[in-house]
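Notes follow once the structure below has been shown.
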Amino acid sequence: MTAYAGSRCCHIMLLAFTLLLEDSIIALAQRAKDGYVLVRVPENSVNILAENSVFALQDTGESVGTQGWRKMKITDRQSAVNKVNQLKRLNSFPSNYQVEVDWEVKALATPNDALWSSISGAMNRISAPAAWDITTGNANGQTVCIIDTGINLNHADLRDNIHPTLGFNAITGQAGSAVNDDNSHGSHCAGTIAGVGNNNVGVAGVSWRNKVLGCKFLTADGSGSTSAAIQCVRWCRQQGAKITSNSW
């Protein structure tokens, strides 16, 4: 796949059928998104943390997911990690609340090979060629939602397998073509999962026919936050996707 990087295949984490390629080159880096923390407020409760100056938190009004988590701004200039540790030690911190760091995640390495030979070893290890003798996928089967840097909507090895909805950009809040990839990491993952096979272009994905959706939460430099990733998980579920790729 001519736009994709790396000498080894991307490590794709799927929830249903597992497409794990052992020679993964994707590394994980985490650091806190300073200035903010995530707080889970009990159902049908007023956010008392925002009303008490002892906690030094300001409610941003931004909900994260569907389980009562909210994004709150730190007002006493502490780092996010220190603030979470401080709150968990406070006797006055309500026991029915939860507080966590809003981690930043980043895809550190991107593959750059375009030839089948670059992934043939990994494909053989998961017996993909033998599976293709039985089936090469189903366009009406499971849709995989790629939670990453987006998807290259115009790539010859991808465009026929992109779901009509295209995707969602959790950074800008826009749907459709706003999911277009400005990094290539998400496109590589999409290609490993569902790159069109046997078309004389680039390489072949594990499935040649299943559809992919994109949810972009990682920026052009490959970084994003836990809270934005959660928004993508929620959006993917709303589209009916039961399988996600989370290579970060």
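Scheme for the structure tokens: letters A, B, ... for chains in order shown; per-chain residue numbers from 1; ligand numbers from 1 in order shown.
Neighbouring residues of Gly176 (chain A) at 8 Å or closer, counting only C-alpha atoms and skipping chain neighbours under 3 positions away, are Thr165, Leu166, Gly167, Phe168 and Val179 of chain A.
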Print the selection's residues with N, CA and C atoms to a file, as a PDB file, in the first residue's frame.
```pdb
ATOM      1  N   THR A 165     -20.542   5.751   5.357  1.00  0.00           N
ATOM      2  CA  THR A 165     -20.551   6.814   6.374  1.00  0.00           C
ATOM      3  C   THR A 165     -19.211   7.534   6.440  1.00  0.00           C
ATOM      4  N   LEU A 166     -18.155   6.903   5.969  1.00  0.00           N
ATOM      5  CA  LEU A 166     -16.778   7.388   5.965  1.00  0.00           C
ATOM      6  C   LEU A 166     -16.184   7.428   7.365  1.00  0.00           C
ATOM      7  N   GLY A 167     -16.681   8.328   8.209  1.00  0.00           N
ATOM      8  CA  GLY A 167     -16.107   8.398   9.551  1.00  0.00           C
ATOM      9  C   GLY A 167     -16.443   9.682  10.270  1.00  0.00           C
ATOM     10  N   PHE A 168     -15.685   9.912  11.347  1.00  0.00           N
ATOM     11  CA  PHE A 168     -15.933  11.060  12.219  1.00  0.00           C
ATOM     12  C   PHE A 168     -14.601  11.588  12.729  1.00  0.00           C
ATOM     13  N   VAL A 179     -12.641  12.854   8.240  1.00  0.00           N
ATOM     14  CA  VAL A 179     -11.854  11.760   8.818  1.00  0.00           C
ATOM     15  C   VAL A 179     -10.603  11.473   7.987  1.00  0.00           C
TER      16      VAL A 179
END
```
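For the choices A:Ala220, A:Val206, A:Ala139, A:Ile243, the atom-to-atom distance to Ile126 (chain A) is smallest for A:Val206 when using only C-alpha atoms.
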Region 156-208 of chain A: residues DSSP assigns to helix (DSSP H, G or I), reported as a PyMOL selection string: chain A and resi 159-161+176-179+185-194
If you run DSSP over the backbone, which residues in region 67-163 of chain A end up strand (DSSP E)? Put them as a list in words. Trp69, Arg70, Lys71, Met72, Lys73, Ile74, Gln98, Val99, Glu100, Val101, Asp102, Trp103, Glu104, Val105, Lys106, Ala107, Val144, Cys145, Ile146, Ile147, Asp148, Ile162 and His163 of chain A
Hey, can you check how far CA of Ala194 (chain A) sits from CA of Ile162 (chain A)? 8.9 Å
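Look at Phe55 (chain A): the protein and nucleic acid residues within 10 Å of it, using only C-alpha atoms and passing over chain neighbours fewer than 6 places away, are Ile48, Leu49, Ile74, Thr75, Asp76, Lys83, Gln86, Leu87, Leu90, Ser92 and Phe93 of chain A.
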Keeping only N, CA, C and O atoms, write the selected residues to a file as a PDB file, in the first residue's frame.
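Listed below is the output, again29.pdb:
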```
ATOM      1  N   ILE A  48     -20.286  18.245  42.886  1.00  0.00           N
ATOM      2  CA  ILE A  48     -19.883  19.037  44.053  1.00  0.00           C
ATOM      3  C   ILE A  48     -18.412  19.406  44.016  1.00  0.00           C
ATOM      4  O   ILE A  48     -17.981  20.337  44.699  1.00  0.00           O
ATOM      5  N   LEU A  49     -17.617  18.714  43.204  1.00  0.00           N
ATOM      6  CA  LEU A  49     -16.188  19.042  43.139  1.00  0.00           C
ATOM      7  C   LEU A  49     -15.982  20.439  42.570  1.00  0.00           C
ATOM      8  O   LEU A  49     -15.076  21.165  42.987  1.00  0.00           O
ATOM      9  N   ILE A  74      -7.980  21.948  35.919  1.00  0.00           N
ATOM     10  CA  ILE A  74      -7.239  22.146  37.162  1.00  0.00           C
ATOM     11  C   ILE A  74      -6.955  23.644  37.319  1.00  0.00           C
ATOM     12  O   ILE A  74      -6.404  24.280  36.413  1.00  0.00           O
ATOM     13  N   THR A  75      -7.312  24.229  38.455  1.00  0.00           N
ATOM     14  CA  THR A  75      -7.181  25.682  38.622  1.00  0.00           C
ATOM     15  C   THR A  75      -6.024  26.091  39.538  1.00  0.00           C
ATOM     16  O   THR A  75      -5.794  27.280  39.733  1.00  0.00           O
ATOM     17  N   ASP A  76      -5.303  25.118  40.115  1.00  0.00           N
ATOM     18  CA  ASP A  76      -4.197  25.497  41.009  1.00  0.00           C
ATOM     19  C   ASP A  76      -2.825  25.186  40.419  1.00  0.00           C
ATOM     20  O   ASP A  76      -1.830  25.116  41.119  1.00  0.00           O
ATOM     21  N   LYS A  83      -2.272  16.226  40.725  1.00  0.00           N
ATOM     22  CA  LYS A  83      -3.625  16.586  41.152  1.00  0.00           C
ATOM     23  C   LYS A  83      -4.441  15.327  41.464  1.00  0.00           C
ATOM     24  O   LYS A  83      -5.124  15.251  42.489  1.00  0.00           O
ATOM     25  N   GLN A  86      -3.227  13.876  44.691  1.00  0.00           N
ATOM     26  CA  GLN A  86      -3.648  14.707  45.824  1.00  0.00           C
ATOM     27  C   GLN A  86      -5.111  14.455  46.177  1.00  0.00           C
ATOM     28  O   GLN A  86      -5.467  14.269  47.340  1.00  0.00           O
ATOM     29  N   LEU A  87      -5.971  14.428  45.141  1.00  0.00           N
ATOM     30  CA  LEU A  87      -7.392  14.238  45.378  1.00  0.00           C
ATOM     31  C   LEU A  87      -7.684  12.878  46.008  1.00  0.00           C
ATOM     32  O   LEU A  87      -8.532  12.759  46.900  1.00  0.00           O
ATOM     33  N   LEU A  90      -7.052  13.034  49.728  1.00  0.00           N
ATOM     34  CA  LEU A  90      -7.843  13.944  50.556  1.00  0.00           C
ATOM     35  C   LEU A  90      -8.974  13.196  51.267  1.00  0.00           C
ATOM     36  O   LEU A  90      -9.753  12.480  50.646  1.00  0.00           O
ATOM     37  N   SER A  92     -11.503  14.591  52.402  1.00  0.00           N
ATOM     38  CA  SER A  92     -12.762  15.230  52.017  1.00  0.00           C
ATOM     39  C   SER A  92     -13.217  14.849  50.609  1.00  0.00           C
ATOM     40  O   SER A  92     -14.306  15.236  50.185  1.00  0.00           O
ATOM     41  N   PHE A  93     -12.399  14.103  49.888  1.00  0.00           N
ATOM     42  CA  PHE A  93     -12.787  13.693  48.535  1.00  0.00           C
ATOM     43  C   PHE A  93     -13.879  12.629  48.636  1.00  0.00           C
ATOM     44  O   PHE A  93     -13.694  11.595  49.289  1.00  0.00           O
TER      45      PHE A  93
END
```
What lies within 8 Å of Ser79 (chain A) using only C-alpha atoms, ignoring chain neighbours under 2 positions off, as a ChimeraX atom specification? /A:34-35,77,81-83
Save the residues we just selected, N, CA and C atoms, as a compact mmCIF listing (two decimals), in the first residue's frame?
```txt
# COMPACT_ATOMS: atom_id res chain seq x y z
N ASP A 34 -1.76 17.71 30.79
CA ASP A 34 -1.78 18.62 31.93
C ASP A 34 -2.82 19.72 31.76
N GLY A 35 -3.36 20.13 32.90
CA GLY A 35 -4.40 21.14 32.90
C GLY A 35 -5.79 20.59 33.10
N ARG A 77 -2.77 24.99 39.11
CA ARG A 77 -1.53 24.83 38.33
C ARG A 77 -0.73 23.57 38.67
N VAL A 81 -1.08 14.53 37.03
CA VAL A 81 -0.73 13.36 37.85
C VAL A 81 -0.73 13.74 39.32
N ASN A 82 -0.10 14.87 39.65
CA ASN A 82 -0.06 15.31 41.05
C ASN A 82 -1.45 15.63 41.58
N LYS A 83 -2.27 16.23 40.73
CA LYS A 83 -3.63 16.59 41.15
C LYS A 83 -4.44 15.33 41.46
```
Which residue gives the smallest distance to Ser177 (chain A) among A:Val201, A:Val105, A:Ala128, A:Cys215, with only C-alpha atoms counted? A:Cys215
Looking at A:Cys236, A:Ala204, A:Cys189, A:Met123, which one is nearest to Gly137 (chain A), with distances taken over only C-alpha atoms? A:Ala204
